[in-house]
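Student: Take this structure first; my questions come after.
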Protein chains: 2
Amino acid sequence: MSSSIDVAKKAGVSQATVSRVLNNPQSVKPETRMKVLQAMEQLQYVPNLIARSLVTNTTRTIALISGSLQNGFFAETTDSIVQFAKHKGYKTLVYFEDENKVPDLFDLIMSSKVDGVLLSLIKLDDPLVEQLERVKVPCVFFNRRSKSGGHYVVLDNPSAVAEVTRHLIGLGHRKIAYLSGKTDFSTFQERSVGFKQVMQEHGLEMKPEWTSFIDTTTEEIERTVFTMLNRPELPTAIICATDAIALICMDIILMMGLRIPQDISLAGIDNTRMASHRAVQLTTVGHQKFAMGRIAAESLFELIEKGDSERSAIQITLRPELIVRKTTGLVNSSGS
Amino acid sequence: MSSSIDVAKKAGVSQATVSRVLNNPQSVKPETRMKVLQAMEQLQYVPNLIARSLVTNTTRTIALISGSLQNGFFAETTDSIVQFAKHKGYKTLVYFEDENKVPDLFDLIMSSKVDGVLLSLIKLDDPLVEQLERVKVPCVFFNRRSKSGGHYVVLDNPSAVAEVTRHLIGLGHRKIAYLSGKTDFSTFQERSVGFKQVMQEHGLEMKPEWTSFIDTTTEEIERTVFTMLNRPELPTAIICATDAIALICMDIILMMGLRIPQDISLAGIDNTRMASHRAVQLTTVGHQKFAMGRIAAESLFELIEKGDSERSAIQITLRPELIVRKTTGLVNSSGS
DNA sequence: ATCCTTTCTGAATACGTATTCATTTATTTC
DNA sequence: GAAATAAATGAATACGTATTCAGAAAGGAT
């Protein structure tokens, strides 16, 4: 690999001039500029971004810390974030973390010198947040947020669940199960609040055996649903805290020979792409306009470009929208 | 941010010693090592990887050039690749490229100084391949490959399609449609070969109006399927070159009120996660053992760690395995 | 031609680390 | 205790770029 010094030699100029034709072309005489460009061409010169970063203290790279792509929601947000970053001339460093262990991420981010961070996999009281705050790295949370504020874009989670819950109650359901991830994530925390509230408003009981806050691994979800549906008394509806959970849930329900929604209604949240598929047609709640990932990315670049500190907090809460499809129906009166 | 020089000052040693406790701890006396570690702790020192990369000419970063995550196959491979890279102590820089434009990727890769490249989105005659070859960056293709060889891990594509085609013919199908991406990608090229061959072996015709090689955007696929199914004569089965295409295809088929497989059989390739979902149950063909992404990643790290040049070419062709589910059935004798 | 601007270019330096080489300090051997 | 060896450390340098500052070249006005 040839360096700017090689180019300089070949063009008979100084290295500084080579640097100039790259970063400030009009500041160098057209004649010599041509010589330099020609030399670059001949040597197949491509600038070393590492060296440049060392000087400018900027990498044109963002970090994305997301949940596993097995979850369609994260696949969609990741896709749009990476696309948008590319469009902005930025590279994206991705981490798909296990829900539980996000320990060394701070050092990873700091040492990589990324220009910004998009975080979805964050616990309510994650120390990472405070650390990032301290070092002034532009950072926006999406989907999940931390209790210490910061910039974020999230769904109005309590309302979202409230809407599905009311929808199901409106269909006559009284025995409603709730299947969620653990509440140390804001998403699951907030969504459970919405559920609890609406149930109470209607004087309905949250049966412990129908209410689960579990690890959102496929195996764990399958096991939980299987156990629940093997009890003597079945719920008439299941609300899942995410579409990803709902899909797995649906898989088990169908496997056990139950019909949706005749035997059991099912609803999710996120309005994932698969939810609208005609083989699935999941009732869910989404939000208007763009994907959340896109909005988060736009917000982040606003921080990066205009400077974080001046900016007042970006705190966007997307209005939820119930999307009724085919997995929820009137409660089966023959149900015990 | 504090540097190793700050640490050195605080600990009363030279910067070289600080560097040593990081890279060669046992070469420094335990006593002074402690002093240094303590200073690091106090200053919250985290090494600047950019600077380190400049010296070592290594970044512990790989680049992944993949198709859009909208395609479940790429979501799965990306997930496992990123996980595996992390496990190996490497970061992953991702690009989800549009099928058509992959022009400036070479400069992007070179300037970022990644230690290796995983490529799935590559055309048969992509110039990128030769460029990467020339600069000796470890590189392995997966899923798709280039005609100029190199390291790759792919499915035995002709056999894969041959298997589904024979399966459908065995079920009595004669009027078989084929829906594929464009053949300047090896995947689609090789798969179409398999289809053509088996059809010919059985003296069956590839009707032009039932055979499409199109851009694999959702809209384009939808339009194509819609048009095909609005013709007077319908195929009794559709083979899609990927599960992603098959899913979209299924969506349209169901939307038009046709039943699968009673009215029309449907099959894909890749054995994507959603294909096994009980709301879908797509007949498809996959391969044994690990995900392809994982195998590709393992191969790449072998190249990175053991050095590329010594190594003979890694060329892995995975044996396909037909997985019959519920979207393919006996041909409906009442079909016109 | 002289002086003054303006435009352009080169030398020098900084960024933060790893590494070589020489030097100091500690340890062993007789 | 001296000499020989081994272990530990520091000074200096390199990596490839951007940038400052000073100086050279070019152009304009008188």
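In the structure tokens, chains take the letters A, B, ... in the order shown, each chain's residues start at 1, and ligands count up from 1 in the order shown.
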After superposing chain A onto chain B (least squares, all C-alpha atoms, pairing by order), export the transformed chain as an mmCIF file with C-alpha atoms, in the first residue's frame.

Tutor:
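For reference, out_11.cif as written:
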```cif
data_model
loop_
_atom_site.group_PDB
_atom_site.id
_atom_site.type_symbol
_atom_site.label_atom_id
_atom_site.label_comp_id
_atom_site.auth_asym_id
_atom_site.auth_seq_id
_atom_site.Cartn_x
_atom_site.Cartn_y
_atom_site.Cartn_z
ATOM 1 C CA MET A 1 -9.447 11.104 27.576
ATOM 2 C CA SER A 2 -6.100 10.267 29.083
ATOM 3 C CA SER A 3 -3.319 8.703 27.094
ATOM 4 C CA SER A 4 -0.605 6.246 27.924
ATOM 5 C CA ILE A 5 1.676 9.216 28.439
ATOM 6 C CA ASP A 6 -0.551 10.567 31.176
ATOM 7 C CA VAL A 7 -0.524 7.178 32.800
ATOM 8 C CA ALA A 8 3.241 7.044 32.510
ATOM 9 C CA LYS A 9 3.636 10.408 34.209
ATOM 10 C CA LYS A 10 1.321 9.502 37.024
ATOM 11 C CA ALA A 11 3.061 6.190 37.593
ATOM 12 C CA GLY A 12 6.482 7.738 37.282
ATOM 13 C CA VAL A 13 7.562 5.504 34.420
ATOM 14 C CA SER A 14 8.061 5.875 30.698
ATOM 15 C CA GLN A 15 5.326 5.482 28.122
ATOM 16 C CA ALA A 16 7.073 2.405 26.823
ATOM 17 C CA THR A 17 6.555 0.692 30.119
ATOM 18 C CA VAL A 18 2.867 1.479 30.088
ATOM 19 C CA SER A 19 2.641 -0.056 26.674
ATOM 20 C CA ARG A 20 4.423 -3.096 27.994
ATOM 21 C CA VAL A 21 2.060 -3.783 30.849
ATOM 22 C CA LEU A 22 -0.663 -3.869 28.239
ATOM 23 C CA ASN A 23 0.983 -6.089 25.685
ATOM 24 C CA ASN A 24 3.614 -8.019 27.554
ATOM 25 C CA PRO A 25 2.829 -7.844 31.253
ATOM 26 C CA GLN A 26 5.327 -10.418 32.437
ATOM 27 C CA SER A 27 8.146 -8.404 30.971
ATOM 28 C CA VAL A 28 7.730 -5.723 33.613
ATOM 29 C CA LYS A 29 8.543 -6.065 37.288
ATOM 30 C CA PRO A 30 5.419 -6.812 39.352
ATOM 31 C CA GLU A 31 6.086 -3.829 41.528
ATOM 32 C CA THR A 32 6.110 -1.250 38.746
ATOM 33 C CA ARG A 33 3.364 -3.100 36.958
ATOM 34 C CA MET A 34 1.158 -2.467 39.939
ATOM 35 C CA LYS A 35 1.961 1.200 39.940
ATOM 36 C CA VAL A 36 1.013 1.429 36.301
ATOM 37 C CA LEU A 37 -2.206 -0.503 36.689
ATOM 38 C CA GLN A 38 -3.129 1.717 39.571
ATOM 39 C CA ALA A 39 -2.490 4.829 37.543
ATOM 40 C CA MET A 40 -4.602 3.429 34.729
ATOM 41 C CA GLU A 41 -7.407 2.797 37.145
ATOM 42 C CA GLN A 42 -7.260 6.279 38.583
ATOM 43 C CA LEU A 43 -7.188 7.965 35.196
ATOM 44 C CA GLN A 44 -9.809 5.621 33.779
ATOM 45 C CA TYR A 45 -7.399 4.943 31.005
ATOM 46 C CA VAL A 46 -8.650 3.057 27.994
ATOM 47 C CA PRO A 47 -6.166 2.465 25.190
ATOM 48 C CA ASN A 48 -6.762 4.194 21.871
ATOM 49 C CA LEU A 49 -7.249 1.409 19.364
ATOM 50 C CA ILE A 50 -6.906 3.818 16.485
ATOM 51 C CA ALA A 51 -3.369 4.659 17.465
ATOM 52 C CA ARG A 52 -2.618 1.024 18.091
ATOM 53 C CA SER A 53 -3.927 0.086 14.683
ATOM 54 C CA LEU A 54 -1.727 2.635 13.028
ATOM 55 C CA VAL A 55 1.304 0.922 14.467
ATOM 56 C CA THR A 56 0.325 -2.716 14.268
ATOM 57 C CA ASN A 57 -1.423 -2.368 10.948
ATOM 58 C CA THR A 58 -4.237 -4.526 12.240
ATOM 59 C CA THR A 59 -7.685 -3.544 13.447
ATOM 60 C CA ARG A 60 -9.292 -6.669 14.848
ATOM 61 C CA THR A 61 -12.225 -5.786 12.682
ATOM 62 C CA ILE A 62 -13.857 -7.649 9.857
ATOM 63 C CA ALA A 63 -16.173 -6.311 7.214
ATOM 64 C CA LEU A 64 -19.385 -8.069 6.333
ATOM 65 C CA ILE A 65 -21.011 -7.231 3.049
ATOM 66 C CA SER A 66 -24.447 -8.729 3.047
ATOM 67 C CA GLY A 67 -27.810 -8.409 1.414
ATOM 68 C CA SER A 68 -30.669 -6.625 3.136
ATOM 69 C CA LEU A 69 -31.822 -8.046 6.441
ATOM 70 C CA GLN A 70 -35.324 -8.053 5.046
ATOM 71 C CA ASN A 71 -34.213 -11.370 3.690
ATOM 72 C CA GLY A 72 -34.344 -13.753 6.622
ATOM 73 C CA PHE A 73 -31.392 -15.688 5.290
ATOM 74 C CA PHE A 74 -29.137 -12.660 5.630
ATOM 75 C CA ALA A 75 -30.540 -11.828 9.035
ATOM 76 C CA GLU A 76 -29.581 -15.284 10.239
ATOM 77 C CA THR A 77 -26.117 -15.337 8.725
ATOM 78 C CA THR A 78 -25.367 -11.808 9.890
ATOM 79 C CA ASP A 79 -26.429 -12.640 13.397
ATOM 80 C CA SER A 80 -24.210 -15.681 13.650
ATOM 81 C CA ILE A 81 -21.264 -13.994 11.973
ATOM 82 C CA VAL A 82 -21.310 -11.016 14.295
ATOM 83 C CA GLN A 83 -21.651 -13.282 17.293
ATOM 84 C CA PHE A 84 -18.781 -15.452 16.219
ATOM 85 C CA ALA A 85 -16.544 -12.512 15.433
ATOM 86 C CA LYS A 86 -17.243 -11.064 18.846
ATOM 87 C CA HIS A 87 -16.352 -14.384 20.389
ATOM 88 C CA LYS A 88 -13.061 -14.246 18.535
ATOM 89 C CA GLY A 89 -12.427 -10.758 19.872
ATOM 90 C CA TYR A 90 -13.202 -9.028 16.585
ATOM 91 C CA LYS A 91 -15.520 -6.206 15.732
ATOM 92 C CA THR A 92 -17.757 -6.306 12.696
ATOM 93 C CA LEU A 93 -18.345 -3.535 10.230
ATOM 94 C CA VAL A 94 -21.491 -4.224 8.262
ATOM 95 C CA TYR A 95 -22.740 -3.125 4.900
ATOM 96 C CA PHE A 96 -26.161 -4.100 3.673
ATOM 97 C CA GLU A 97 -25.898 -3.261 0.058
ATOM 98 C CA ASP A 98 -28.378 -2.733 -2.621
ATOM 99 C CA GLU A 99 -28.106 -5.541 -5.096
ATOM 100 C CA ASN A 100 -27.161 -3.262 -7.896
ATOM 101 C CA LYS A 101 -24.620 -0.786 -6.671
ATOM 102 C CA VAL A 102 -21.496 -2.128 -5.036
ATOM 103 C CA PRO A 103 -19.056 0.294 -6.606
ATOM 104 C CA ASP A 104 -17.059 2.140 -3.978
ATOM 105 C CA LEU A 105 -16.883 -0.775 -1.626
ATOM 106 C CA PHE A 106 -13.279 -1.478 -2.434
ATOM 107 C CA ASP A 107 -12.037 1.897 -1.285
ATOM 108 C CA LEU A 108 -14.222 1.606 1.771
ATOM 109 C CA ILE A 109 -12.690 -1.705 2.713
ATOM 110 C CA MET A 110 -9.148 -0.674 1.972
ATOM 111 C CA SER A 111 -9.321 2.603 3.795
ATOM 112 C CA SER A 112 -10.861 0.995 6.845
ATOM 113 C CA LYS A 113 -7.994 -1.445 7.055
ATOM 114 C CA VAL A 114 -10.151 -4.363 8.102
ATOM 115 C CA ASP A 115 -8.407 -7.647 8.788
ATOM 116 C CA GLY A 116 -10.794 -9.702 6.725
ATOM 117 C CA VAL A 117 -13.891 -9.577 4.565
ATOM 118 C CA LEU A 118 -16.980 -11.732 4.368
ATOM 119 C CA LEU A 119 -18.878 -11.252 1.156
ATOM 120 C CA SER A 120 -22.249 -12.576 0.216
ATOM 121 C CA LEU A 121 -23.451 -9.894 -2.099
ATOM 122 C CA ILE A 122 -21.188 -10.368 -5.006
ATOM 123 C CA LYS A 123 -21.843 -10.633 -8.690
ATOM 124 C CA LEU A 124 -20.337 -13.367 -10.765
ATOM 125 C CA ASP A 125 -17.983 -10.966 -12.495
ATOM 126 C CA ASP A 126 -17.642 -8.312 -9.840
ATOM 127 C CA PRO A 127 -14.383 -6.360 -10.204
ATOM 128 C CA LEU A 128 -14.226 -6.120 -6.417
ATOM 129 C CA VAL A 129 -13.071 -9.711 -6.240
ATOM 130 C CA GLU A 130 -10.007 -9.193 -8.319
ATOM 131 C CA GLN A 131 -9.160 -6.009 -6.457
ATOM 132 C CA LEU A 132 -9.327 -7.749 -3.118
ATOM 133 C CA GLU A 133 -7.283 -10.600 -4.486
ATOM 134 C CA ARG A 134 -4.558 -8.206 -5.523
ATOM 135 C CA VAL A 135 -4.199 -6.509 -2.167
ATOM 136 C CA LYS A 136 -4.166 -9.795 -0.270
ATOM 137 C CA VAL A 137 -6.935 -9.058 2.163
ATOM 138 C CA PRO A 138 -8.268 -12.331 3.591
ATOM 139 C CA CYS A 139 -11.671 -12.760 2.072
ATOM 140 C CA VAL A 140 -14.256 -15.490 1.930
ATOM 141 C CA PHE A 141 -17.473 -15.523 -0.016
ATOM 142 C CA PHE A 142 -20.529 -17.228 1.293
ATOM 143 C CA ASN A 143 -23.808 -18.036 -0.340
ATOM 144 C CA ARG A 144 -22.727 -16.360 -3.535
ATOM 145 C CA ARG A 145 -19.365 -16.632 -5.170
ATOM 146 C CA SER A 146 -17.381 -15.090 -7.946
ATOM 147 C CA LYS A 147 -16.385 -16.855 -11.094
ATOM 148 C CA SER A 148 -12.744 -16.199 -10.326
ATOM 149 C CA GLY A 149 -12.655 -18.729 -7.533
ATOM 150 C CA GLY A 150 -11.212 -17.705 -4.200
ATOM 151 C CA HIS A 151 -12.352 -19.012 -0.859
ATOM 152 C CA TYR A 152 -16.040 -19.724 -0.532
ATOM 153 C CA VAL A 153 -18.735 -21.678 1.201
ATOM 154 C CA VAL A 154 -21.906 -22.229 -0.750
ATOM 155 C CA LEU A 155 -24.797 -24.578 -1.096
ATOM 156 C CA ASP A 156 -24.750 -27.108 -3.891
ATOM 157 C CA ASN A 157 -27.240 -24.973 -5.709
ATOM 158 C CA PRO A 158 -27.991 -27.046 -8.798
ATOM 159 C CA SER A 159 -28.650 -30.120 -6.682
ATOM 160 C CA ALA A 160 -30.762 -28.118 -4.271
ATOM 161 C CA VAL A 161 -33.155 -26.977 -6.947
ATOM 162 C CA ALA A 162 -33.021 -30.346 -8.635
ATOM 163 C CA GLU A 163 -34.292 -31.945 -5.465
ATOM 164 C CA VAL A 164 -37.331 -29.695 -5.088
ATOM 165 C CA THR A 165 -38.097 -29.947 -8.740
ATOM 166 C CA ARG A 166 -38.042 -33.741 -8.661
ATOM 167 C CA HIS A 167 -40.128 -33.654 -5.523
ATOM 168 C CA LEU A 168 -42.806 -31.634 -7.271
ATOM 169 C CA ILE A 169 -42.694 -33.708 -10.419
ATOM 170 C CA GLY A 170 -43.041 -36.744 -8.206
ATOM 171 C CA LEU A 171 -46.225 -35.238 -6.848
ATOM 172 C CA GLY A 172 -47.582 -35.095 -10.356
ATOM 173 C CA HIS A 173 -46.849 -31.495 -11.175
ATOM 174 C CA ARG A 174 -46.171 -30.660 -14.815
ATOM 175 C CA LYS A 175 -46.902 -26.979 -14.888
ATOM 176 C CA ILE A 176 -44.156 -25.596 -12.721
ATOM 177 C CA ALA A 177 -43.307 -21.935 -12.458
ATOM 178 C CA TYR A 178 -39.877 -20.660 -11.486
ATOM 179 C CA LEU A 179 -39.308 -17.372 -9.708
ATOM 180 C CA SER A 180 -35.772 -16.173 -9.285
ATOM 181 C CA GLY A 181 -33.421 -13.251 -8.886
ATOM 182 C CA LYS A 182 -31.222 -12.192 -11.759
ATOM 183 C CA THR A 183 -28.624 -14.623 -12.971
ATOM 184 C CA ASP A 184 -25.643 -12.340 -12.617
ATOM 185 C CA PHE A 185 -25.511 -13.700 -9.097
ATOM 186 C CA SER A 186 -24.063 -17.164 -8.781
ATOM 187 C CA THR A 187 -26.852 -18.342 -6.534
ATOM 188 C CA PHE A 188 -29.551 -17.599 -9.022
ATOM 189 C CA GLN A 189 -27.431 -18.659 -11.954
ATOM 190 C CA GLU A 190 -26.645 -22.061 -10.482
ATOM 191 C CA ARG A 191 -30.106 -22.658 -9.165
ATOM 192 C CA SER A 192 -31.683 -21.951 -12.523
ATOM 193 C CA VAL A 193 -29.355 -24.494 -14.080
ATOM 194 C CA GLY A 194 -30.616 -27.164 -11.725
ATOM 195 C CA PHE A 195 -34.194 -26.340 -12.531
ATOM 196 C CA LYS A 196 -33.713 -26.294 -16.253
ATOM 197 C CA GLN A 197 -31.903 -29.606 -16.256
ATOM 198 C CA VAL A 198 -34.493 -31.546 -14.297
ATOM 199 C CA MET A 199 -37.309 -30.089 -16.337
ATOM 200 C CA GLN A 200 -35.597 -31.174 -19.517
ATOM 201 C CA GLU A 201 -34.892 -34.636 -18.145
ATOM 202 C CA HIS A 202 -38.613 -35.047 -17.693
ATOM 203 C CA GLY A 203 -39.476 -33.524 -21.001
ATOM 204 C CA LEU A 204 -41.201 -30.584 -19.361
ATOM 205 C CA GLU A 205 -41.486 -27.138 -20.748
ATOM 206 C CA MET A 206 -40.247 -23.965 -19.108
ATOM 207 C CA LYS A 207 -42.973 -21.569 -20.076
ATOM 208 C CA PRO A 208 -41.628 -18.035 -20.449
ATOM 209 C CA GLU A 209 -44.636 -16.538 -18.720
ATOM 210 C CA TRP A 210 -44.023 -18.789 -15.752
ATOM 211 C CA THR A 211 -40.312 -18.202 -15.549
ATOM 212 C CA SER A 212 -39.043 -14.922 -14.161
ATOM 213 C CA PHE A 213 -35.619 -13.602 -13.343
ATOM 214 C CA ILE A 214 -36.254 -10.342 -11.584
ATOM 215 C CA ASP A 215 -35.002 -7.860 -9.051
ATOM 216 C CA THR A 216 -35.719 -9.330 -5.661
ATOM 217 C CA THR A 217 -37.444 -6.313 -4.230
ATOM 218 C CA THR A 218 -40.728 -6.935 -2.510
ATOM 219 C CA GLU A 219 -42.598 -4.793 -4.981
ATOM 220 C CA GLU A 220 -41.126 -6.468 -8.018
ATOM 221 C CA ILE A 221 -41.848 -9.941 -6.691
ATOM 222 C CA GLU A 222 -45.390 -9.026 -5.763
ATOM 223 C CA ARG A 223 -46.030 -7.554 -9.149
ATOM 224 C CA THR A 224 -44.627 -10.554 -10.966
ATOM 225 C CA VAL A 225 -46.616 -13.085 -8.969
ATOM 226 C CA PHE A 226 -49.759 -11.049 -9.296
ATOM 227 C CA THR A 227 -49.380 -10.820 -13.041
ATOM 228 C CA MET A 228 -48.649 -14.508 -13.373
ATOM 229 C CA LEU A 229 -51.643 -15.547 -11.338
ATOM 230 C CA ASN A 230 -53.947 -13.322 -13.295
ATOM 231 C CA ARG A 231 -53.290 -15.142 -16.535
ATOM 232 C CA PRO A 232 -55.869 -17.597 -17.827
ATOM 233 C CA GLU A 233 -53.698 -20.624 -17.242
ATOM 234 C CA LEU A 234 -52.132 -21.110 -13.829
ATOM 235 C CA PRO A 235 -49.136 -23.216 -12.901
ATOM 236 C CA THR A 236 -49.830 -25.923 -10.355
ATOM 237 C CA ALA A 237 -46.605 -25.261 -8.527
ATOM 238 C CA ILE A 238 -44.141 -22.436 -8.022
ATOM 239 C CA ILE A 239 -40.520 -22.913 -7.148
ATOM 240 C CA CYS A 240 -38.896 -19.836 -5.688
ATOM 241 C CA ALA A 241 -35.139 -19.508 -5.757
ATOM 242 C CA THR A 242 -35.081 -18.403 -2.121
ATOM 243 C CA ASP A 243 -37.303 -18.663 0.917
ATOM 244 C CA ALA A 244 -37.468 -14.894 1.040
ATOM 245 C CA ILE A 245 -39.010 -14.855 -2.411
ATOM 246 C CA ALA A 246 -41.282 -17.733 -1.484
ATOM 247 C CA LEU A 247 -42.631 -15.891 1.530
ATOM 248 C CA ILE A 248 -43.588 -12.873 -0.494
ATOM 249 C CA CYS A 249 -45.018 -15.139 -3.143
ATOM 250 C CA MET A 250 -47.079 -16.937 -0.541
ATOM 251 C CA ASP A 251 -48.414 -13.625 0.693
ATOM 252 C CA ILE A 252 -49.781 -12.762 -2.736
ATOM 253 C CA ILE A 253 -51.143 -16.226 -3.427
ATOM 254 C CA LEU A 254 -53.110 -16.173 -0.194
ATOM 255 C CA MET A 255 -54.238 -12.623 -0.814
ATOM 256 C CA MET A 256 -55.694 -13.705 -4.127
ATOM 257 C CA GLY A 257 -57.745 -16.307 -2.364
ATOM 258 C CA LEU A 258 -55.884 -19.314 -3.634
ATOM 259 C CA ARG A 259 -55.111 -22.196 -1.320
ATOM 260 C CA ILE A 260 -51.690 -23.703 -0.677
ATOM 261 C CA PRO A 261 -51.103 -26.455 -1.606
ATOM 262 C CA GLN A 262 -54.583 -27.404 -2.826
ATOM 263 C CA ASP A 263 -54.668 -24.847 -5.615
ATOM 264 C CA ILE A 264 -50.980 -24.269 -5.962
ATOM 265 C CA SER A 265 -47.858 -25.774 -4.442
ATOM 266 C CA LEU A 266 -45.008 -23.590 -3.294
ATOM 267 C CA ALA A 267 -41.390 -24.274 -2.445
ATOM 268 C CA GLY A 268 -38.337 -22.245 -1.569
ATOM 269 C CA ILE A 269 -34.656 -22.711 -0.860
ATOM 270 C CA ASP A 270 -32.518 -21.848 2.191
ATOM 271 C CA ASN A 271 -34.520 -23.330 5.044
ATOM 272 C CA THR A 272 -34.916 -19.978 6.646
ATOM 273 C CA ARG A 273 -36.167 -19.816 10.196
ATOM 274 C CA MET A 274 -39.635 -18.628 9.186
ATOM 275 C CA ALA A 275 -39.986 -21.515 6.782
ATOM 276 C CA SER A 276 -40.376 -23.894 9.677
ATOM 277 C CA HIS A 277 -42.980 -21.790 11.431
ATOM 278 C CA ARG A 278 -46.269 -23.609 11.722
ATOM 279 C CA ALA A 279 -48.180 -20.787 10.163
ATOM 280 C CA VAL A 280 -45.963 -21.121 7.100
ATOM 281 C CA GLN A 281 -44.565 -24.648 6.874
ATOM 282 C CA LEU A 282 -42.771 -24.032 3.677
ATOM 283 C CA THR A 283 -41.247 -26.902 1.771
ATOM 284 C CA THR A 284 -37.662 -25.926 1.157
ATOM 285 C CA VAL A 285 -34.127 -27.221 0.956
ATOM 286 C CA GLY A 286 -31.436 -26.455 3.487
ATOM 287 C CA HIS A 287 -28.198 -27.996 4.542
ATOM 288 C CA GLN A 288 -26.950 -29.922 7.506
ATOM 289 C CA LYS A 289 -25.211 -28.698 10.626
ATOM 290 C CA PHE A 290 -24.378 -25.069 11.279
ATOM 291 C CA ALA A 291 -25.616 -21.978 9.614
ATOM 292 C CA MET A 292 -23.673 -21.011 6.549
ATOM 293 C CA GLY A 293 -22.633 -17.727 8.125
ATOM 294 C CA ARG A 294 -20.942 -19.533 10.960
ATOM 295 C CA ILE A 295 -18.968 -21.757 8.654
ATOM 296 C CA ALA A 296 -17.899 -18.811 6.551
ATOM 297 C CA ALA A 297 -16.779 -16.902 9.625
ATOM 298 C CA GLU A 298 -14.771 -19.841 10.880
ATOM 299 C CA SER A 299 -13.085 -20.126 7.529
ATOM 300 C CA LEU A 300 -12.240 -16.454 7.484
ATOM 301 C CA PHE A 301 -10.598 -16.557 10.896
ATOM 302 C CA GLU A 302 -8.604 -19.527 9.823
ATOM 303 C CA LEU A 303 -7.240 -17.400 7.005
ATOM 304 C CA ILE A 304 -6.619 -14.446 9.265
ATOM 305 C CA GLU A 305 -4.856 -16.416 11.951
ATOM 306 C CA LYS A 306 -2.845 -18.821 9.885
ATOM 307 C CA GLY A 307 -2.061 -16.514 7.020
ATOM 308 C CA ASP A 308 -3.806 -16.575 3.732
ATOM 309 C CA SER A 309 -1.109 -17.318 1.243
ATOM 310 C CA GLU A 310 0.135 -20.635 2.632
ATOM 311 C CA ARG A 311 -3.362 -21.953 2.853
ATOM 312 C CA SER A 312 -4.848 -23.880 -0.020
ATOM 313 C CA ALA A 313 -8.207 -22.613 -1.216
ATOM 314 C CA ILE A 314 -11.140 -23.114 1.116
ATOM 315 C CA GLN A 315 -13.963 -24.201 -1.105
ATOM 316 C CA ILE A 316 -16.852 -25.702 0.756
ATOM 317 C CA THR A 317 -19.986 -26.879 -0.949
ATOM 318 C CA LEU A 318 -22.728 -27.834 1.459
ATOM 319 C CA ARG A 319 -24.852 -30.831 0.648
ATOM 320 C CA PRO A 320 -28.482 -29.869 0.241
ATOM 321 C CA GLU A 321 -31.296 -31.580 2.062
ATOM 322 C CA LEU A 322 -34.919 -31.470 0.972
ATOM 323 C CA ILE A 323 -37.319 -30.580 3.741
ATOM 324 C CA VAL A 324 -40.876 -31.389 2.811
ATOM 325 C CA ARG A 325 -43.487 -29.457 4.730
ATOM 326 C CA LYS A 326 -47.039 -28.450 4.000
ATOM 327 C CA THR A 327 -46.845 -26.093 1.057
ATOM 328 C CA THR A 328 -46.358 -28.822 -1.509
ATOM 329 C CA GLY A 329 -48.925 -31.482 -2.252
ATOM 330 C CA LEU A 330 -50.273 -33.758 -4.932
ATOM 331 C CA VAL A 331 -51.305 -31.915 -8.010
ATOM 332 C CA ASN A 332 -54.950 -31.078 -8.049
ATOM 333 C CA SER A 333 -56.405 -33.273 -10.794
ATOM 334 C CA SER A 334 -59.308 -30.870 -11.229
ATOM 335 C CA GLY A 335 -56.842 -28.204 -12.312
ATOM 336 C CA SER A 336 -57.356 -27.220 -15.900
#
```

Student: Determine which residues of range 88-168 of chain A DSSP labels as strand (DSSP E or B) from the backbone of this structure, then write them out as JSON, numbers by chain.

Tutor: {"A": [91, 92, 93, 94, 95, 96, 116, 117, 118, 119, 123, 139, 140, 141, 142, 146, 149, 151, 152, 153, 154, 155]}

Student: Can you tell me, as a PyMOL selection string, what residues are no more than 12 Å from DA22 in chain C when counting only C-alpha atoms (C1' of nucleotides), ignoring any on the same chain fewer than 6 positions away?

Tutor: chain D and resi 9-12

Student: Residues of chain D near chain B: apply a cut-off of 9 Å, count only C-alpha atoms (C1' of nucleotides), and supply the list as a list in words.

Tutor: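 Those within range of chain B come out as DA7, DA8, DT9, DG10, DA14, DC15 and DG16 of chain D.
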
Student: Which chain C residues have any atom within 8 Å of an atom of chain A, and for each, what is the nearest pair of atoms with distance in Å to one decimal, counting only C-alpha atoms (C1' of nucleotides), rows sorted by chain and number, as CSV?

Tutor:
```
residue,atom,partner,partner_atom,distance
C:DC8,C1',A:Val28,CA,6.5
C:DT9,C1',A:Thr17,CA,7.0
C:DG10,C1',A:Ser14,CA,6.1
C:DA14,C1',A:Val55,CA,7.7
C:DC15,C1',A:Val55,CA,4.8
C:DG16,C1',A:Leu54,CA,7.7
```
